[in-house]
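**Q** The structure's right below; bear with me while I get my questions together.
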Amino acid sequence: MLKETMIRRCDKTAFVSICALIYFLPISIALVEWFVALPVLCFCIKKLIEVVFRIYEAGKNKVRKDKIRYCLKGFLPVNNFLAASVMAYAVVCFLSIFVSSYPQLSTRAFFGKILERVFLFFVFVESVNTEKRIKRFSLILFISAGLICINGLYQSVFAQGFIRGFSMMEGRLTSTFNHPNDFATYLLLPTLIIFNFLLSDLFLNNKTEKRKSRYAGLIRYAFIFLFVICVLNFALTFSRGAYFGALFALVFMWVFKYCKLKAILVSAALFLIGFSPVMAKMRNVSLISDAVHKNKIVSKINITEKDKQNEILTMGMGRIGFWKEALTSISRKPILGTGLNTYSKEAQKRGNWTGFYAHNCYLQMAAEIGLVGLGSFLWMLFILFKRACDRSIVIKDRYLLILFHGVLSGLVGFLVHSFLDTSFYSLQLNTLFWVVLGLSVSIMQVDNSGLKRKMS
């Protein structure tokens, strides 16, 4: 009884911390660190309690022969279909430390980023494990996204947000993020989830679900309002990579019959017609151009005049130039890479690079942890989508099903945008990725009332 009570309290604390994490994720990097560490700490305490009680039970049971194995099993997380591939990715990242050009940097990155996020994934799956908790978590996500979008619209009018006081960047919305591209990447998830809800029969045909609640209409209008402000904020970031991510996410929705082609075409056409000309005017680039003007002013705090000049020259080469640099790094150490968190140092050693990331998370990942590391990461994603798209899987609860479709669509948009930007190397967005990964697994593995496999 004592054991169950202690474990239940650890789970509840972890769940509350995860809800706080998704709420504060777009607001404060410091709070993100705190609310990642707290559920991980709860997870470790929970496992320690499990092991201690197993040792006590093994000591009382003199017949049991595999006592050591039985006790050590208490450290293992709850099994899920993605666990092996996630652990494989973590192992490859760990091995990259031993071939790293800068072992200290790689060690710090592994324990402070990779391992902590992997633990967060397992904590999420273990603690957000019921329909009720998943729905509460999604509600917190919607509230947070709505607040950040209202702040973004306030920023567009007054040039400065009321949360944290961030200013617009060259006419582009940032809301509470450091860069418009990061803000756009964050918005992909809530926007696509809400879009899936608005296209569902929960909203289009209320009689289907026989909802008699007097609050049904209010909820519908709240979702419409949230969708409108999310789209406005997303558009006003003028993030081309995020636009492409959203387009691929819409195609994904159509291919897997989450929505009809007509809705996809109308949505994409209205968005592009409405905002592409404005983007060309604001950013002085076309939707698909790779060129960036060399005379563009670089505005950064605490940057020397020499670094500024170097950065101005580098901006002229665009993403293709950054990708060539990354491919050069990969060709030198293709197996396990140069080590975690070493990309900048290695490029600077060659003397032809001034401080940008590769602007392609997959190429930078291959440069740092090698093709083996990139392969393990892509294999993890392959397992997730293969399982998620398995037609033998049924999610009974309509809310969870629509949420699941939205999460997958948002993840597709996130992954596509990561091909053109630095999403995985932003602390907030990297944390969001692992949370979304955990949420997708939780929905598929929720007990009894969630996902079920059809009996053949």
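Identifiers in the structure tokens: chain A, B, ... in order shown; residue index from 1 per chain; ligand index from 1 in order shown.
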Compile the contact shell of range 251-265 of chain A as a list in words: residues with an atom at most 7 Å away, counting only C-alpha atoms, same-chain residues fewer than 6 positions apart removed.

**A** Leu199, His405 and Ser409 of chain A

**Q** CA of Leu381 in chain A and CA of Phe322 in chain A are how many Å apart?

**A**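 For CA of Leu381 in chain A relative to CA of Phe322 in chain A, the distance reads 24.8 Å.
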
**Q** So that I can check the surroundings of range 428-437 of chain A, please list as JSON, numbers by chain every protein, DNA and RNA residue that reaches within 9 Å of it, counting only C-alpha atoms and ignoring chain neighbours fewer than 2 positions away.

**A** {"A": [18, 22, 25, 26, 28, 29, 32, 36, 113, 117, 118, 120, 121, 124, 182, 185, 186, 189, 384, 407, 408, 410, 411, 414, 423, 424, 425, 426, 439, 440, 441, 442]}

**Q** CA of Leu48 in chain A to CA of Lys73 in chain A: how many Å, to one decimal?

**A**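 CA of Lys73 in chain A lies 11.0 Å from CA of Leu48 in chain A.
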
**Q** Nearest to Leu139 in chain A: which of A:Tyr221, A:Phe111, A:Tyr23, A:Tyr357 is it, counting only C-alpha atoms?

**A**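 Result for the nearest residue to Leu139 in chain A: A:Tyr23.
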
**Q** List every residue of range 334-414 of chain A that has an atom at most 8 Å from any atom of range 98-101 of chain A, giving for each one its closest atom pair and the distance in Å to one decimal, counting only C-alpha atoms, sorted by chain and then by ascending residue number, as CSV.

**A**
residue,atom,partner,partner_atom,distance
A:Leu336,CA,A:Val99,CA,7.2
A:Gly337,CA,A:Ser100,CA,7.6
A:Thr338,CA,A:Ser100,CA,5.0
A:Gly339,CA,A:Ser100,CA,4.0
A:Leu340,CA,A:Ser100,CA,7.3
A:Thr342,CA,A:Ser101,CA,7.3

**Q** Check the DSSP output for the backbone and give back, as a list in words, the residues of range 112-230 of chain A in strand (DSSP E or B).

**A**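 Those in range 112-230 of chain A that DSSP calls strand (DSSP E or B) are Gln160, Ser167, Met169 and Arg172 of chain A.
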
**Q** Take the selection from the previous step and output its residues with C-alpha atoms, as an mmCIF file, in the first residue's frame.

**A**
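result.cif written:
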data_model
loop_
_atom_site.group_PDB
_atom_site.id
_atom_site.type_symbol
_atom_site.label_atom_id
_atom_site.label_comp_id
_atom_site.auth_asym_id
_atom_site.auth_seq_id
_atom_site.Cartn_x
_atom_site.Cartn_y
_atom_site.Cartn_z
ATOM 1 C CA GLN A 160 6.481 44.818 -28.463
ATOM 2 C CA SER A 167 10.143 43.215 -30.109
ATOM 3 C CA MET A 169 12.353 41.222 -35.833
ATOM 4 C CA ARG A 172 8.237 39.575 -38.385
#

**Q** Excluding Ser329 in chain A and its own-chain neighbours fewer than 6 positions away, which residues fall within 10 Å of it when counting only C-alpha atoms? Please give them as a list in words.

**A**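 Close residues of Ser329 in chain A: Trp323, Gly337, Thr338, Tyr343, Glu346, Ala347, Arg350, Leu363, Gln364, Ala366, Ala367, Glu368 and Gly370 of chain A.
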
**Q** Based on the backbone DSSP call, show me all residues of range 58-298 of chain A assigned alpha helix (DSSP H), as a ChimeraX atom specification.

**A** /A:58-60,67-72,83-95,103-109,115-127,131-158,180-199,201-204,206-209,216-236,240-255,261-283

**Q** Set the distance at 12 Å and use only C-alpha atoms: which residues neighbour Cys44 in chain A once local chain neighbours fewer than 2 positions away are removed? I'd like the list as a ChimeraX atom specification.

**A** /A:7,10-11,14,37-42,46-51,74-77,116,119-120,122-123

**Q** Would you list the contacts of Asn360 in chain A as number ranges by chain, taking every protein, DNA or RNA residue within 7 Å and counting only C-alpha atoms, but skipping same-chain residues closer than 3 positions in sequence?

**A** A: 363-364, 418-422
